[in-house]
Amino acid sequence: MLHRVIRKADGGEVIEILATDPATTRDIPNFCRHLGHELVGQETLAENVSLDADPDEITIDSDEDTPASVTLYRYLVKKKMA
């Protein structure tokens with residue numbers, strides 16, 4: 001999906017990616033390095049995010065007995081200039 005979004009973006013445009021897959025911490029930096037895009041930002045937004053959370057109102061599970069849900073990662077990728 002990131003390939004498709006990058007193709008449609010203008011050179012220099014910054015794309016925000018929100019992900020829950022821990023493999024993205026490796027995959028997105030490698031994607032940028034291999035294709036010449038700039039990884040402007042990479043951060044972990046929240047851990048133990050409830051899978052029932054409204055994306056606009058993410059809440060963190062506070063009950064220790066509740067199984068950990070997902071970790072939310074955020075990336076900012078700047079498309080290389082053509």
# chains A, B, ... in the order shown; residues from 1 in each chain; ligands from 1
$ residues_around --residues "A:Arg7" --least-positions-apart "2" --cutoff "12 Å" --atoms "only C-alpha atoms" --output "ChimeraX atom specification"
/A:1-5,9-11,13,15,35,37,78-82
$ residues_around --residues "A:Val77" --least-positions-apart "4" --cutoff "10 Å" --atoms "only C-alpha atoms" --output "VMD selection string"
chain A and resid 2 6 12 to 17 28 to 29 31 to 32 37 to 42
$ write_last_selection --atoms "N, CA, C and O atoms" --output "mmCIF file, in the first residue's frame"
data_model
loop_
_atom_site.group_PDB
_atom_site.id
_atom_site.type_symbol
_atom_site.label_atom_id
_atom_site.label_comp_id
_atom_site.auth_asym_id
_atom_site.auth_seq_id
_atom_site.Cartn_x
_atom_site.Cartn_y
_atom_site.Cartn_z
ATOM 1 N N LEU A 2 1.991 1.211 0.713
ATOM 2 C CA LEU A 2 2.872 2.382 0.754
ATOM 3 C C LEU A 2 3.430 2.699 -0.626
ATOM 4 O O LEU A 2 3.509 3.864 -1.016
ATOM 5 N N ILE A 6 3.019 6.349 -2.348
ATOM 6 C CA ILE A 6 4.235 7.081 -2.743
ATOM 7 C C ILE A 6 4.183 7.427 -4.228
ATOM 8 O O ILE A 6 4.539 8.532 -4.625
ATOM 9 N N GLY A 12 8.720 15.518 -2.647
ATOM 10 C CA GLY A 12 8.821 16.381 -1.480
ATOM 11 C C GLY A 12 7.632 16.292 -0.536
ATOM 12 O O GLY A 12 7.680 16.809 0.575
ATOM 13 N N GLU A 13 6.565 15.627 -0.966
ATOM 14 C CA GLU A 13 5.380 15.473 -0.116
ATOM 15 C C GLU A 13 5.678 14.511 1.026
ATOM 16 O O GLU A 13 6.381 13.515 0.856
ATOM 17 N N VAL A 14 5.137 14.801 2.206
ATOM 18 C CA VAL A 14 5.333 13.945 3.381
ATOM 19 C C VAL A 14 4.081 13.113 3.597
ATOM 20 O O VAL A 14 2.964 13.635 3.622
ATOM 21 N N ILE A 15 4.283 11.812 3.748
ATOM 22 C CA ILE A 15 3.190 10.864 3.960
ATOM 23 C C ILE A 15 3.272 10.359 5.392
ATOM 24 O O ILE A 15 4.336 9.952 5.853
ATOM 25 N N GLU A 16 2.131 10.377 6.087
ATOM 26 C CA GLU A 16 2.064 9.848 7.446
ATOM 27 C C GLU A 16 1.551 8.412 7.372
ATOM 28 O O GLU A 16 0.561 8.132 6.700
ATOM 29 N N ILE A 17 2.243 7.520 8.067
ATOM 30 C CA ILE A 17 1.853 6.110 8.109
ATOM 31 C C ILE A 17 1.604 5.737 9.557
ATOM 32 O O ILE A 17 2.454 5.970 10.418
ATOM 33 N N ILE A 28 9.889 -0.154 7.064
ATOM 34 C CA ILE A 28 9.732 1.200 6.519
ATOM 35 C C ILE A 28 11.079 1.914 6.392
ATOM 36 O O ILE A 28 11.349 2.511 5.347
ATOM 37 N N PRO A 29 11.975 1.850 7.392
ATOM 38 C CA PRO A 29 13.300 2.444 7.172
ATOM 39 C C PRO A 29 14.038 1.811 5.988
ATOM 40 O O PRO A 29 14.689 2.516 5.205
ATOM 41 N N PHE A 31 12.632 0.417 3.323
ATOM 42 C CA PHE A 31 11.917 0.898 2.143
ATOM 43 C C PHE A 31 12.474 2.262 1.735
ATOM 44 O O PHE A 31 12.784 2.501 0.568
ATOM 45 N N CYS A 32 12.614 3.157 2.700
ATOM 46 C CA CYS A 32 13.122 4.507 2.415
ATOM 47 C C CYS A 32 14.572 4.459 1.924
ATOM 48 O O CYS A 32 14.919 5.117 0.937
ATOM 49 N N HIS A 37 13.810 7.573 -0.468
ATOM 50 C CA HIS A 37 12.913 8.488 0.231
ATOM 51 C C HIS A 37 13.515 8.805 1.601
ATOM 52 O O HIS A 37 14.372 8.079 2.099
ATOM 53 N N GLU A 38 13.055 9.883 2.222
ATOM 54 C CA GLU A 38 13.594 10.290 3.520
ATOM 55 C C GLU A 38 12.626 9.905 4.634
ATOM 56 O O GLU A 38 11.447 10.265 4.602
ATOM 57 N N LEU A 39 13.139 9.191 5.623
ATOM 58 C CA LEU A 39 12.345 8.883 6.809
ATOM 59 C C LEU A 39 12.484 10.080 7.742
ATOM 60 O O LEU A 39 13.505 10.270 8.394
ATOM 61 N N VAL A 40 11.459 10.926 7.765
ATOM 62 C CA VAL A 40 11.501 12.178 8.522
ATOM 63 C C VAL A 40 11.258 11.925 10.005
ATOM 64 O O VAL A 40 11.835 12.583 10.857
ATOM 65 N N GLY A 41 10.402 10.960 10.315
ATOM 66 C CA GLY A 41 10.082 10.668 11.710
ATOM 67 C C GLY A 41 9.634 9.242 11.903
ATOM 68 O O GLY A 41 9.053 8.635 11.015
ATOM 69 N N GLN A 42 9.961 8.716 13.077
ATOM 70 C CA GLN A 42 9.558 7.358 13.445
ATOM 71 C C GLN A 42 9.360 7.362 14.949
ATOM 72 O O GLN A 42 10.253 7.756 15.694
#
$ closest_residue --among "A:Gly36, A:Thr25, A:Glu43, A:Asn48" --to "A:Arg74" --atoms "only C-alpha atoms"
A:Glu43
$ residues_around --residues "A:Thr20" --least-positions-apart "6" --cutoff "12 Å" --atoms "only C-alpha atoms" --output "short mmCIF file (atom, residue, chain, number, x, y, z; two decimals) with N, CA and C atoms, in the first residue's frame"
data_model
loop_
_atom_site.label_atom_id
_atom_site.label_comp_id
_atom_site.auth_asym_id
_atom_site.auth_seq_id
_atom_site.Cartn_x
_atom_site.Cartn_y
_atom_site.Cartn_z
N GLU A 43 8.16 6.94 15.41
CA GLU A 43 7.91 6.93 16.84
C GLU A 43 6.86 5.88 17.20
N THR A 44 6.90 5.47 18.44
CA THR A 44 5.86 4.62 18.99
C THR A 44 4.86 5.54 19.67
N LEU A 45 3.64 5.55 19.16
CA LEU A 45 2.62 6.45 19.71
C LEU A 45 2.01 5.91 20.99
N ALA A 46 1.69 4.63 21.00
CA ALA A 46 1.01 4.06 22.16
C ALA A 46 1.22 2.55 22.18
N GLU A 47 1.26 2.02 23.38
CA GLU A 47 1.35 0.57 23.55
C GLU A 47 0.07 0.09 24.21
N ASN A 48 -0.25 -1.16 23.98
CA ASN A 48 -1.45 -1.77 24.56
C ASN A 48 -2.73 -1.03 24.18
N VAL A 49 -2.83 -0.67 22.90
CA VAL A 49 -4.03 0.01 22.41
C VAL A 49 -5.15 -1.01 22.28
N SER A 50 -6.30 -0.67 22.79
CA SER A 50 -7.45 -1.55 22.71
C SER A 50 -7.87 -1.71 21.25
N LEU A 51 -8.12 -2.92 20.84
CA LEU A 51 -8.55 -3.17 19.47
C LEU A 51 -9.94 -2.63 19.21
N SER A 69 -2.96 -5.53 23.56
CA SER A 69 -3.59 -5.54 22.26
C SER A 69 -2.55 -5.30 21.18
N VAL A 70 -2.35 -4.04 20.83
CA VAL A 70 -1.40 -3.71 19.79
C VAL A 70 -0.59 -2.49 20.19
N THR A 71 0.52 -2.32 19.52
CA THR A 71 1.33 -1.12 19.66
C THR A 71 1.12 -0.30 18.40
N LEU A 72 0.96 1.00 18.56
CA LEU A 72 0.71 1.88 17.43
C LEU A 72 2.00 2.64 17.09
N TYR A 73 2.44 2.50 15.85
CA TYR A 73 3.65 3.15 15.36
C TYR A 73 3.27 4.24 14.36
N ARG A 74 4.07 5.31 14.33
CA ARG A 74 3.83 6.41 13.40
C ARG A 74 5.12 6.72 12.65
N TYR A 75 5.01 6.88 11.34
CA TYR A 75 6.15 7.19 10.48
C TYR A 75 5.79 8.38 9.60
#
